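Asker: For reference, this is start.cif, and it has mmCIF, C-alpha atoms and all ligand atoms.
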data_target
#
loop_
_atom_site.label_atom_id
_atom_site.label_comp_id
_atom_site.auth_asym_id
_atom_site.auth_seq_id
_atom_site.Cartn_x
_atom_site.Cartn_y
_atom_site.Cartn_z
CA MET W 108 67.17 117.46 100.00
CA GLU W 109 68.78 114.69 102.04
CA ASN W 110 69.59 114.11 105.72
CA VAL W 111 73.25 113.21 105.87
CA SER W 112 75.77 112.72 108.68
CA VAL W 113 79.48 113.39 108.29
CA PHE W 114 81.58 111.46 110.81
CA GLY W 115 84.85 113.22 111.59
CA ALA W 116 85.22 116.99 111.99
CA GLY W 117 88.82 117.26 110.87
CA SER W 118 89.70 119.37 107.86
CA TRP W 119 88.12 117.08 105.25
CA GLY W 120 84.95 116.29 107.21
CA THR W 121 84.45 120.01 107.92
CA ALA W 122 84.96 121.07 104.28
CA LEU W 123 82.64 118.35 102.93
CA ALA W 124 79.95 118.98 105.57
CA SER W 125 79.94 122.64 104.60
CA LEU W 126 79.82 121.79 100.87
CA LEU W 127 76.85 119.45 101.43
CA GLY W 128 75.17 122.15 103.51
CA GLN W 129 75.73 124.71 100.73
CA ASN W 130 74.00 122.26 98.40
CA GLY W 131 70.92 122.51 100.64
CA HIS W 132 71.23 119.20 102.52
CA ASN W 133 70.53 118.83 106.24
CA VAL W 134 73.94 117.96 107.60
CA THR W 135 74.89 116.56 111.00
CA LEU W 136 78.63 116.86 111.63
CA TRP W 137 79.80 114.40 114.28
CA CYS W 138 82.78 115.56 116.35
CA ARG W 139 84.32 113.39 119.02
CA ARG W 140 84.74 116.39 121.36
CA ALA W 141 81.74 118.21 122.90
CA ASP W 142 83.59 121.55 123.11
CA GLN W 143 84.37 121.42 119.40
CA ALA W 144 80.71 120.69 118.50
CA ARG W 145 79.57 123.56 120.72
CA ALA W 146 82.07 125.99 119.18
CA ILE W 147 81.03 125.07 115.64
CA ASN W 148 77.34 125.65 116.46
CA VAL W 149 77.99 128.94 118.24
CA THR W 150 80.63 130.52 115.97
CA GLY W 151 79.88 128.84 112.63
CA GLU W 152 83.56 127.88 112.34
CA ASN W 153 85.64 124.88 113.37
CA PRO W 154 88.07 126.16 116.03
CA ASN W 155 90.58 123.37 115.34
CA TYR W 156 90.58 122.93 111.56
CA LEU W 157 90.16 125.39 108.64
CA ARG W 158 89.89 128.31 111.06
CA GLY W 159 88.58 131.52 109.57
CA HIS W 160 86.39 129.72 107.04
CA PRO W 161 82.64 129.92 107.75
CA ILE W 162 80.70 126.64 107.69
CA SER W 163 77.27 126.48 106.00
CA SER W 164 74.37 127.22 108.35
CA ASN W 165 72.74 123.93 107.22
CA VAL W 166 75.39 122.07 109.27
CA THR W 167 74.68 121.17 112.91
CA ALA W 168 77.56 119.76 114.89
CA THR W 169 77.09 117.19 117.64
CA ASN W 170 79.24 114.89 119.71
CA LYS W 171 76.24 112.65 120.42
CA ILE W 172 76.83 109.63 118.24
CA GLU W 173 73.28 108.30 118.82
CA GLU W 174 71.94 111.44 117.05
CA ALA W 175 74.34 111.25 114.14
CA VAL W 176 73.70 107.57 113.33
CA ARG W 177 69.98 108.27 112.66
CA SER W 178 70.70 109.70 109.17
CA PRO W 179 70.35 107.21 106.33
CA LEU W 180 73.43 108.60 104.56
CA TRP W 181 76.85 108.48 106.22
CA VAL W 182 80.03 110.17 105.03
CA ILE W 183 83.07 108.67 106.79
CA ALA W 184 85.86 111.27 107.14
CA LEU W 185 88.04 109.64 109.81
CA PRO W 186 91.66 108.48 109.65
CA THR W 187 91.70 104.99 108.11
CA GLN W 188 93.22 103.27 111.15
CA ALA W 189 90.30 104.55 113.32
CA ILE W 190 87.48 103.41 111.03
CA ARG W 191 87.16 99.75 112.15
CA GLY W 192 86.88 100.64 115.84
CA PHE W 193 84.48 103.49 115.12
CA LEU W 194 82.16 101.36 112.95
CA THR W 195 82.27 98.48 115.41
CA ASP W 196 81.02 100.82 118.14
CA VAL W 197 78.31 102.51 116.07
CA ALA W 198 77.05 99.30 114.45
CA GLN W 199 75.84 98.19 117.88
CA MET W 200 73.88 101.42 118.42
CA THR W 201 71.56 101.48 115.45
CA SER W 202 69.41 99.30 113.24
CA VAL W 203 69.82 101.78 110.34
CA ARG W 204 71.43 100.18 107.27
CA PRO W 205 73.13 103.33 106.01
CA TYR W 206 74.41 104.27 102.60
CA ILE W 207 78.11 104.81 103.30
CA CYS W 208 80.39 107.13 101.36
CA ASN W 209 83.99 106.85 102.51
CA VAL W 210 86.26 109.83 101.89
CA ALA W 211 89.33 108.55 103.80
CA LYS W 212 92.40 107.56 101.78
CA GLY W 213 94.39 104.75 103.30
CA ILE W 214 95.00 101.05 103.88
CA GLU W 215 94.50 99.45 107.30
CA ILE W 216 97.67 98.09 108.85
CA LYS W 217 96.22 95.13 110.71
CA SER W 218 94.21 93.72 107.78
CA SER W 219 96.11 95.16 104.74
CA SER W 220 92.62 96.13 103.62
CA THR W 221 91.24 99.21 101.92
CA VAL W 222 88.24 100.90 103.58
CA SER W 223 85.70 98.89 101.53
CA GLY W 224 87.09 95.72 103.15
CA ILE W 225 86.87 97.22 106.65
CA VAL W 226 83.25 98.29 106.06
CA ARG W 227 82.37 94.82 104.70
CA ASP W 228 84.00 93.10 107.71
CA VAL W 229 82.13 95.23 110.24
CA MET W 230 78.82 96.09 108.55
CA GLY W 231 78.38 93.17 106.13
CA ASP W 232 76.66 93.83 102.84
CA VAL W 233 75.96 97.55 103.29
CA SER W 234 75.92 100.09 100.44
CA TYR W 235 79.49 101.39 99.97
CA SER W 236 80.89 104.21 97.87
CA VAL W 237 84.21 106.04 97.90
CA LEU W 238 84.88 109.64 96.91
CA SER W 239 88.43 110.63 95.95
CA GLY W 240 90.52 112.83 93.66
CA PRO W 241 92.52 116.07 93.89
CA SER W 242 90.73 117.87 96.70
CA HIS W 243 92.63 119.61 99.47
CA ALA W 244 90.15 120.74 102.12
CA GLU W 245 91.84 124.15 102.32
CA GLU W 246 90.80 124.88 98.71
CA VAL W 247 87.41 123.12 98.73
CA ILE W 248 86.24 125.21 101.73
CA GLN W 249 87.05 128.33 99.64
CA ASP W 250 84.96 126.99 96.75
CA LEU W 251 87.99 126.84 94.44
CA PRO W 252 87.32 124.53 91.48
CA THR W 253 88.25 120.86 91.28
CA ALA W 254 86.98 117.55 89.92
CA VAL W 255 86.72 114.26 91.80
CA VAL W 256 85.27 110.78 91.33
CA VAL W 257 82.76 108.76 93.35
CA ALA W 258 82.88 104.99 92.84
CA SER W 259 80.30 102.36 93.74
CA LEU W 260 79.55 98.90 92.39
CA ASN W 261 75.97 100.16 92.10
CA CYS W 262 75.75 102.80 89.40
CA GLU W 263 72.55 104.37 90.79
CA VAL W 264 74.12 104.78 94.21
CA ALA W 265 77.18 106.47 92.67
CA GLU W 266 74.82 108.81 90.81
CA ARG W 267 72.95 109.62 94.04
CA TRP W 268 76.19 110.69 95.77
CA GLN W 269 77.27 112.50 92.60
CA ALA W 270 74.06 114.56 92.68
CA MET W 271 74.47 115.32 96.39
CA PHE W 272 78.09 116.49 96.25
CA SER W 273 78.17 118.20 92.85
CA ARG W 274 78.24 121.97 92.61
CA PRO W 275 79.64 124.28 89.96
CA ASN W 276 83.16 124.29 91.44
CA PHE W 277 83.07 120.65 92.63
CA ARG W 278 82.60 118.47 89.58
CA VAL W 279 81.93 114.84 90.50
CA TYR W 280 82.36 111.97 88.01
CA THR W 281 81.07 108.45 88.70
CA SER W 282 82.94 105.17 88.43
CA SER W 283 82.33 101.50 89.19
CA ASP W 284 86.01 100.87 89.98
CA VAL W 285 85.94 100.95 93.79
CA MET W 286 89.33 99.23 94.16
CA GLY W 287 91.02 101.51 91.61
CA VAL W 288 89.76 104.65 93.35
CA GLU W 289 90.79 103.32 96.78
CA ILE W 290 94.27 102.18 95.72
CA GLY W 291 94.99 105.45 93.87
CA GLY W 292 93.95 107.54 96.89
CA ALA W 293 95.87 105.45 99.43
CA VAL W 294 99.21 104.81 97.70
CA LYS W 295 99.72 108.38 96.40
CA ASN W 296 100.14 109.46 100.04
CA VAL W 297 103.25 107.29 100.39
CA ILE W 298 104.70 108.67 97.16
CA ALA W 299 104.00 112.21 98.42
CA ILE W 300 106.09 111.51 101.54
CA ALA W 301 108.93 110.46 99.21
CA ALA W 302 108.38 113.70 97.23
CA GLY W 303 108.67 115.75 100.43
CA ILE W 304 111.93 114.02 101.34
CA ALA W 305 113.30 114.56 97.81
CA LYS W 306 112.34 118.24 98.01
CA ALA W 307 114.04 118.66 101.37
CA MET W 308 117.17 117.05 99.89
CA GLY W 309 117.19 119.65 97.09
CA LEU W 310 117.17 117.00 94.36
CA GLY W 311 115.54 119.32 91.80
CA ASP W 312 112.43 119.33 89.63
CA ASN W 313 113.60 116.56 87.27
CA ALA W 314 114.02 114.18 90.19
CA LEU W 315 110.55 115.04 91.52
CA ALA W 316 108.94 114.42 88.13
CA ALA W 317 110.80 111.10 87.77
CA LEU W 318 109.72 110.11 91.29
CA VAL W 319 106.08 110.91 90.57
CA SER W 320 106.19 108.89 87.31
CA ARG W 321 107.85 105.87 88.89
CA GLY W 322 105.49 106.26 91.87
CA LEU W 323 102.61 105.98 89.43
CA ALA W 324 104.24 102.81 88.01
CA GLU W 325 104.13 101.31 91.54
CA ILE W 326 100.51 102.41 92.04
CA MET W 327 99.58 100.79 88.71
CA ARG W 328 101.53 97.59 89.40
CA LEU W 329 99.84 97.15 92.77
CA GLY W 330 96.47 98.23 91.36
CA ALA W 331 96.70 95.59 88.62
CA LYS W 332 97.24 92.87 91.26
CA MET W 333 94.26 94.15 93.27
CA GLY W 334 91.88 94.20 90.31
CA ALA W 335 91.90 97.97 89.63
CA ASN W 336 91.36 99.34 86.13
CA PRO W 337 94.66 100.99 85.05
CA LEU W 338 92.69 103.79 83.37
CA THR W 339 91.18 104.73 86.75
CA LEU W 340 94.75 105.19 87.97
CA ALA W 341 95.48 107.45 84.99
CA GLY W 342 92.47 109.58 86.04
CA LEU W 343 91.44 111.87 88.89
CA ALA W 344 91.85 109.32 91.70
CA GLY W 345 95.30 108.31 90.41
CA VAL W 346 97.38 110.84 88.50
CA GLY W 347 95.18 113.79 89.53
CA ASP W 348 95.53 113.16 93.25
CA LEU W 349 99.15 112.02 93.01
CA VAL W 350 100.15 115.29 91.33
CA VAL W 351 98.34 117.57 93.78
CA THR W 352 99.63 115.69 96.82
CA CYS W 353 103.24 115.66 95.58
CA PHE W 354 103.27 119.36 94.67
CA SER W 355 100.81 121.24 96.92
CA ALA W 356 101.98 123.06 100.03
CA HIS W 357 98.64 122.05 101.60
CA SER W 358 99.58 118.37 101.57
CA ARG W 359 100.05 116.79 104.99
CA ASN W 360 101.98 113.87 103.47
CA LEU W 361 104.34 116.14 101.55
CA ARG W 362 104.94 118.19 104.71
CA LEU W 363 105.66 115.05 106.72
CA GLY W 364 108.23 114.06 104.08
CA LEU W 365 109.78 117.54 104.14
CA ALA W 366 110.22 117.30 107.92
CA ILE W 367 111.78 113.82 107.71
CA GLY W 368 114.07 115.01 104.89
CA LYS W 369 115.23 117.87 107.13
CA GLY W 370 116.27 115.36 109.78
CA LYS W 371 113.25 115.42 112.11
CA SER W 372 112.29 112.16 113.84
CA MET W 373 108.92 110.56 113.02
CA ALA W 374 107.57 111.53 116.44
CA GLU W 375 108.61 115.18 115.94
CA ALA W 376 107.29 115.32 112.38
CA ILE W 377 103.90 113.83 113.32
CA SER W 378 103.43 116.02 116.35
CA GLU W 379 104.38 119.22 114.45
CA LEU W 380 101.89 118.34 111.69
CA GLY W 381 99.01 117.86 114.18
CA GLN W 382 96.86 116.22 111.51
CA VAL W 383 96.78 112.80 109.94
CA ALA W 384 99.33 111.99 107.19
CA GLU W 385 97.83 108.69 106.02
CA GLY W 386 100.93 107.67 104.06
CA ALA W 387 102.88 107.12 107.29
CA TYR W 388 100.48 104.27 108.17
CA THR W 389 99.56 103.04 104.69
CA VAL W 390 103.27 102.41 104.04
CA LYS W 391 103.24 99.86 106.89
CA ALA W 392 100.22 98.09 105.41
CA LEU W 393 101.86 98.12 101.97
CA LYS W 394 105.04 96.61 103.34
CA GLU W 395 102.96 93.58 104.41
CA MET W 396 100.62 93.53 101.42
CA GLY W 397 103.43 94.32 98.95
CA ARG W 398 105.29 91.19 99.99
CA LYS W 399 102.17 89.12 99.39
CA VAL W 400 100.76 90.51 96.14
CA CYS W 401 103.35 92.61 94.38
CA GLU W 402 107.00 91.67 94.23
CA GLU W 403 108.44 95.12 93.43
CA LEU W 404 107.51 98.36 95.19
CA PRO W 405 110.94 100.03 95.56
CA ILE W 406 109.75 103.58 96.42
CA VAL W 407 107.29 102.21 99.00
CA ASP W 408 110.11 100.08 100.49
CA ALA W 409 112.46 103.08 100.60
CA VAL W 410 109.85 105.27 102.35
CA TYR W 411 109.20 102.50 104.88
CA ASP W 412 112.90 102.13 105.66
CA MET W 413 113.43 105.91 105.96
CA LEU W 414 110.43 106.25 108.32
CA TYR W 415 110.85 103.12 110.42
CA ASN W 416 114.37 101.70 109.95
CA ASP W 417 116.50 104.88 110.15
CA LEU W 418 117.61 104.57 106.52
CA ALA W 419 119.31 107.85 105.55
CA PRO W 420 117.63 109.61 102.58
CA GLU W 421 120.96 109.66 100.66
CA GLU W 422 121.27 105.89 101.05
CA ALA W 423 117.65 105.39 99.96
CA LEU W 424 118.35 107.49 96.86
CA ASN W 425 121.40 105.39 95.98
CA THR W 426 119.46 102.16 96.48
CA LEU W 427 116.73 103.38 94.11
CA LEU W 428 119.07 104.72 91.41
CA LEU W 429 121.58 101.86 91.41
CA ARG W 430 119.14 98.96 90.98
CA ASP W 431 119.59 96.72 87.90
CA LEU W 432 118.73 98.52 84.66
CA LYS W 433 115.52 97.35 82.96
CA PRO W 434 112.78 98.39 80.48
CA GLU W 435 110.38 101.11 81.66
CA LEU W 436 107.35 98.83 81.11
CA PRO W 437 107.29 95.23 82.33
CA PRO W 438 106.73 92.70 79.51
CA ALA W 439 103.06 92.18 80.45
CA MET W 440 102.42 95.91 79.97
CA GLN W 441 104.04 96.31 76.52
CA TRP W 442 101.34 97.05 73.95
CA MET W 443 103.41 95.80 71.00
N1 LIG B 501 92.49 117.09 104.54
C1 LIG B 501 92.25 116.92 103.25
O1 LIG B 501 92.41 117.85 102.44
C2 LIG B 501 91.78 115.61 102.74
C3 LIG B 501 91.79 114.48 103.55
N2 LIG B 501 91.36 113.29 103.05
C4 LIG B 501 91.33 112.09 103.87
O2 LIG B 501 90.32 112.25 104.87
C5 LIG B 501 90.67 111.50 106.05
C6 LIG B 501 90.60 112.45 107.25
O3 LIG B 501 91.61 113.43 107.01
P1 LIG B 501 91.61 114.89 107.63
O4 LIG B 501 90.25 115.43 107.77
O5 LIG B 501 92.61 115.65 106.84
O6 LIG B 501 92.20 114.56 109.06
P2 LIG B 501 92.40 115.53 110.29
O7 LIG B 501 93.65 115.10 110.96
O8 LIG B 501 92.22 116.94 109.86
O9 LIG B 501 91.14 115.16 111.22
C7 LIG B 501 90.92 113.87 111.68
C8 LIG B 501 89.55 113.83 112.37
O10 LIG B 501 89.32 112.51 112.84
C9 LIG B 501 89.12 112.56 114.26
N3 LIG B 501 89.69 111.34 114.83
C10 LIG B 501 90.98 110.98 114.88
N4 LIG B 501 91.12 109.78 115.43
C11 LIG B 501 89.86 109.37 115.76
C12 LIG B 501 89.32 108.23 116.39
N5 LIG B 501 90.11 107.23 116.81
N6 LIG B 501 87.99 108.14 116.57
C13 LIG B 501 87.19 109.13 116.15
N7 LIG B 501 87.63 110.27 115.58
C14 LIG B 501 88.96 110.37 115.37
C15 LIG B 501 89.82 113.82 114.73
O11 LIG B 501 89.26 114.25 115.96
P3 LIG B 501 90.06 115.27 116.91
O12 LIG B 501 90.05 116.62 116.24
O13 LIG B 501 89.25 115.22 118.16
O14 LIG B 501 91.46 114.73 117.07
C16 LIG B 501 89.47 114.76 113.58
O15 LIG B 501 88.16 115.21 113.70
C17 LIG B 501 92.08 110.94 105.79
O16 LIG B 501 91.95 109.63 105.34
C18 LIG B 501 92.61 111.82 104.64
O17 LIG B 501 93.54 111.14 103.84
C19 LIG B 501 90.90 113.16 101.76
C20 LIG B 501 90.88 114.25 100.94
C21 LIG B 501 91.30 115.56 101.35
O1 LIG B 502 94.14 113.69 99.48
C1 LIG B 502 94.38 114.86 99.60
C2 LIG B 502 94.14 115.84 98.52
O2 LIG B 502 93.45 115.28 97.46
C3 LIG B 502 94.99 115.35 100.86
O3 LIG B 502 96.29 114.92 100.92
P1 LIG B 502 97.13 115.18 102.25
O4 LIG B 502 96.51 114.30 103.30
O5 LIG B 502 98.53 114.83 101.92
O6 LIG B 502 96.97 116.63 102.58
#
Let's see the structure in the file written out as structure tokens.

Answerer:
Amino acid sequence: MENVSVFGAGSWGTALASLLGQNGHNVTLWCRRADQARAINVTGENPNYLRGHPISSNVTATNKIEEAVRSPLWVIALPTQAIRGFLTDVAQMTSVRPYICNVAKGIEIKSSSTVSGIVRDVMGDVSYSVLSGPSHAEEVIQDLPTAVVVASLNCEVAERWQAMFSRPNFRVYTSSDVMGVEIGGAVKNVIAIAAGIAKAMGLGDNALAALVSRGLAEIMRLGAKMGANPLTLAGLAGVGDLVVTCFSAHSRNLRLGLAIGKGKSMAEAISELGQVAEGAYTVKALKEMGRKVCEELPIVDAVYDMLYNDLAPEEALNTLLLRDLKPELPPAMQWM
């Protein structure tokens, strides 16, 4: 059994800490608030996230970062935009060279980088893995079945995380396609915001299915430019996660889109949600990165303009539908 620290006691960090504890590991769950850590240790539940769901007794919560950094295995479950600052602080506190497994799904605005790039910038050549796939915390904490993927450039490291996380109702596959898994997990959040807006507009099921398919085309186009394997994007970290995020009532990104589609401002929508909707930030990073690496990301552009340039959803819809007609697949992607 392993000693592992989970950094971030939001809904995903809490669900994964409990899962690792159920698998018999010694888990330290780092919370940034002392009162939250105390409540978890006393009541066996997180008072702020996933209330009513007991956390494994193998989990000890702490807000003392110097305790949490002693574990050799770190699971990073923080919002993407907070990871660089967090790692910069903790890197100065410890000589441990941890094995890192990132479970956040986003792209950093200031660097246009996925989390592997942030970790490399701050920690240098440290062991990095990423776990992603269709996995809403609200279902994982109830031990409802799903399948996910953990990617690392080092196959043995991916297998080590696979063995730690796997349980009968949490089936973990391995992959060596770190970039594919990261891009799939990050960009689907932006498409899910678009799905929420489309739902709020009452556009119907056909429109949602078309949006998800053309969203996948954008994920694949960007992924190809970033070196991702297109088949990864057709798998759990791509299609699997895109579908659950665009259709599940649990999704924070879908709910943010629903609020925007009903006319709420960004500030209102974010404050009502009270949790991170990564797509709202990743779309800013993609706007920058998209211009540099990928000439055409029309759904991403439309979401950006609806969120940050007051573009009305009806206008965004017209812009998307009335673009020049063209083949479904770009010439480079035709198989014959
Ligand atoms: N929720 C889910 O089902 C899933 C989420 N993810 C991904 O996991 C990541 C975390 O999401 P989730 O758990 O839902 O987020 P939540 O909003 O539920 O929780 C975020 C956590 O991060 C903490 N936090 C926020 N900002 C900072 C900061 N600057 N420094 C340190 N801690 C901070 C919060 O602390 P506090 O409570 O004190 O504010 C809270 O513990 C995201 O990238 C998300 O996309 C991936 C798969 C499933
Ligand atoms: O990534 C997730 C499920 O796999 C969670 O998505 P949301 O952040 O939209 O809830």

Asker: Tell me which of W:Ile377, W:Leu340, W:Met286, W:Ala168 sits closest to Gly120 of chain W, counting all atoms listed in the file.

Answerer: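 Ranking W:Ile377, W:Leu340, W:Met286, W:Ala168 by distance to Gly120 of chain W, first place goes to W:Ala168.
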
Asker: Identify, counting only C-alpha atoms and all ligand atoms, the protein, DNA and RNA residues located within 7 Å of ligand LIG 501 (chain B), and give them as a PyMOL selection string.

Answerer: chain W and resi 115-120+138-140+155-156+184-187+189+193+210-213+239+242-245+381-385

Asker: Just to confirm, what's the straight-line distance from atom CA of Gly131 of chain W to atom CA of Arg274 of chain W in Å (one decimal)?

Answerer: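 According to the coordinates, atom CA of Gly131 of chain W and atom CA of Arg274 of chain W are separated by 10.9 Å.
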
Asker: Using all atoms listed in the file, which residues have at least one atom no more than 6 Å from ligand LIG 502 (chain B)? Output them as a list in words.

Answerer: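 After applying the 6 Å limit, what remains is Gly240, Pro241, Ser242, His243, Asn296, Asp348, Thr352, His357, Ser358, Arg359, Asn360, Leu361 and Ala384 of chain W.
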
Asker: Give me the residues of segment 232-349 of chain W that have any atom at most 12 Å from an atom of segment 402-408 of chain W; for each, the nearest atom pair and the distance in Å, rounded to one decimal. Use all atoms listed in the file, sort by chain and number, and format it as a Markdown table.

Answerer:
| residue | atom | partner | partner_atom | distance |
| --- | --- | --- | --- | --- |
| W:Ala293 | CA | W:Val407 | CA | 11.9 |
| W:Val294 | CA | W:Val407 | CA | 8.6 |
| W:Lys295 | CA | W:Val407 | CA | 10.1 |
| W:Asn296 | CA | W:Val407 | CA | 10.2 |
| W:Val297 | CA | W:Val407 | CA | 6.6 |
| W:Ile298 | CA | W:Val407 | CA | 7.2 |
| W:Ala299 | CA | W:Val407 | CA | 10.5 |
| W:Ile300 | CA | W:Val407 | CA | 9.7 |
| W:Ala301 | CA | W:Ile406 | CA | 7.5 |
| W:Ala302 | CA | W:Ile406 | CA | 10.2 |
| W:Ile304 | CA | W:Ile406 | CA | 11.7 |
| W:Ala305 | CA | W:Ile406 | CA | 11.6 |
| W:Ala317 | CA | W:Ile406 | CA | 11.5 |
| W:Leu318 | CA | W:Ile406 | CA | 8.3 |
| W:Val319 | CA | W:Ile406 | CA | 10.1 |
| W:Ser320 | CA | W:Ile406 | CA | 11.1 |
| W:Arg321 | CA | W:Ile406 | CA | 8.1 |
| W:Gly322 | CA | W:Ile406 | CA | 6.8 |
| W:Leu323 | CA | W:Ile406 | CA | 10.3 |
| W:Ala324 | CA | W:Leu404 | CA | 9.1 |
| W:Glu325 | CA | W:Leu404 | CA | 5.8 |
| W:Ile326 | CA | W:Leu404 | CA | 8.7 |
| W:Met327 | CA | W:Leu404 | CA | 10.5 |
| W:Arg328 | CA | W:Leu404 | CA | 8.4 |
| W:Leu329 | CA | W:Leu404 | CA | 8.1 |
| W:Gly330 | CA | W:Leu404 | CA | 11.7 |
| W:Lys332 | CA | W:Glu402 | CA | 10.3 |

Asker: How would segment 195-217 of chain W look with N, CA and C atoms restored, written as a JSON list (two decimals), keeping the file's coordinate frame?

Answerer:
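As a result, selection-v6.json now contains:
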[["chain", "number", "residue", "atom", "x", "y", "z"],
["W", 195, "THR", "N", 82.64, 99.57, 114.50],
["W", 195, "THR", "CA", 82.27, 98.48, 115.41],
["W", 195, "THR", "C", 81.41, 99.04, 116.54],
["W", 196, "ASP", "N", 81.81, 100.20, 117.07],
["W", 196, "ASP", "CA", 81.02, 100.82, 118.14],
["W", 196, "ASP", "C", 79.65, 101.25, 117.64],
["W", 197, "VAL", "N", 79.60, 101.94, 116.48],
["W", 197, "VAL", "CA", 78.31, 102.51, 116.07],
["W", 197, "VAL", "C", 77.35, 101.43, 115.54],
["W", 198, "ALA", "N", 77.91, 100.35, 115.01],
["W", 198, "ALA", "CA", 77.05, 99.30, 114.45],
["W", 198, "ALA", "C", 76.14, 98.71, 115.53],
["W", 199, "GLN", "N", 76.65, 98.76, 116.77],
["W", 199, "GLN", "CA", 75.84, 98.19, 117.88],
["W", 199, "GLN", "C", 74.75, 99.15, 118.35],
["W", 200, "MET", "N", 74.80, 100.40, 117.88],
["W", 200, "MET", "CA", 73.88, 101.42, 118.42],
["W", 200, "MET", "C", 72.65, 101.65, 117.57],
["W", 201, "THR", "N", 72.63, 101.11, 116.36],
["W", 201, "THR", "CA", 71.56, 101.48, 115.45],
["W", 201, "THR", "C", 71.14, 100.30, 114.58],
["W", 202, "SER", "N", 69.87, 100.32, 114.18],
["W", 202, "SER", "CA", 69.41, 99.30, 113.24],
["W", 202, "SER", "C", 69.40, 99.86, 111.82],
["W", 203, "VAL", "N", 69.78, 101.16, 111.68],
["W", 203, "VAL", "CA", 69.82, 101.78, 110.34],
["W", 203, "VAL", "C", 70.84, 101.04, 109.48],
["W", 204, "ARG", "N", 70.45, 100.73, 108.23],
["W", 204, "ARG", "CA", 71.43, 100.18, 107.27],
["W", 204, "ARG", "C", 71.81, 101.34, 106.36],
["W", 205, "PRO", "N", 72.87, 102.08, 106.71],
["W", 205, "PRO", "CA", 73.13, 103.33, 106.01],
["W", 205, "PRO", "C", 73.73, 103.13, 104.62],
["W", 206, "TYR", "N", 73.60, 104.16, 103.80],
["W", 206, "TYR", "CA", 74.41, 104.27, 102.60],
["W", 206, "TYR", "C", 75.70, 104.95, 103.04],
["W", 207, "ILE", "N", 76.83, 104.26, 102.83],
["W", 207, "ILE", "CA", 78.11, 104.81, 103.30],
["W", 207, "ILE", "C", 78.91, 105.37, 102.13],
["W", 208, "CYS", "N", 79.42, 106.60, 102.31],
["W", 208, "CYS", "CA", 80.39, 107.13, 101.36],
["W", 208, "CYS", "C", 81.67, 107.42, 102.13],
["W", 209, "ASN", "N", 82.71, 106.65, 101.86],
["W", 209, "ASN", "CA", 83.99, 106.85, 102.51],
["W", 209, "ASN", "C", 84.79, 107.91, 101.77],
["W", 210, "VAL", "N", 85.39, 108.84, 102.54],
["W", 210, "VAL", "CA", 86.26, 109.83, 101.89],
["W", 210, "VAL", "C", 87.69, 109.75, 102.44],
["W", 211, "ALA", "N", 87.97, 108.73, 103.29],
["W", 211, "ALA", "CA", 89.33, 108.55, 103.80],
["W", 211, "ALA", "C", 90.18, 107.86, 102.73],
["W", 212, "LYS", "N", 91.50, 108.10, 102.81],
["W", 212, "LYS", "CA", 92.40, 107.56, 101.78],
["W", 212, "LYS", "C", 93.53, 106.79, 102.45],
["W", 213, "GLY", "N", 93.32, 105.51, 102.67],
["W", 213, "GLY", "CA", 94.39, 104.75, 103.30],
["W", 213, "GLY", "C", 94.13, 103.26, 103.25],
["W", 214, "ILE", "N", 95.11, 102.51, 103.77],
["W", 214, "ILE", "CA", 95.00, 101.05, 103.88],
["W", 214, "ILE", "C", 95.23, 100.70, 105.35],
["W", 215, "GLU", "N", 94.40, 99.81, 105.87],
["W", 215, "GLU", "CA", 94.50, 99.45, 107.30],
["W", 215, "GLU", "C", 95.72, 98.56, 107.53],
["W", 216, "ILE", "N", 96.45, 98.85, 108.60],
["W", 216, "ILE", "CA", 97.67, 98.09, 108.85],
["W", 216, "ILE", "C", 97.34, 96.65, 109.23],
["W", 217, "LYS", "N", 96.38, 96.48, 110.17],
["W", 217, "LYS", "CA", 96.22, 95.13, 110.71],
["W", 217, "LYS", "C", 95.58, 94.15, 109.72]]
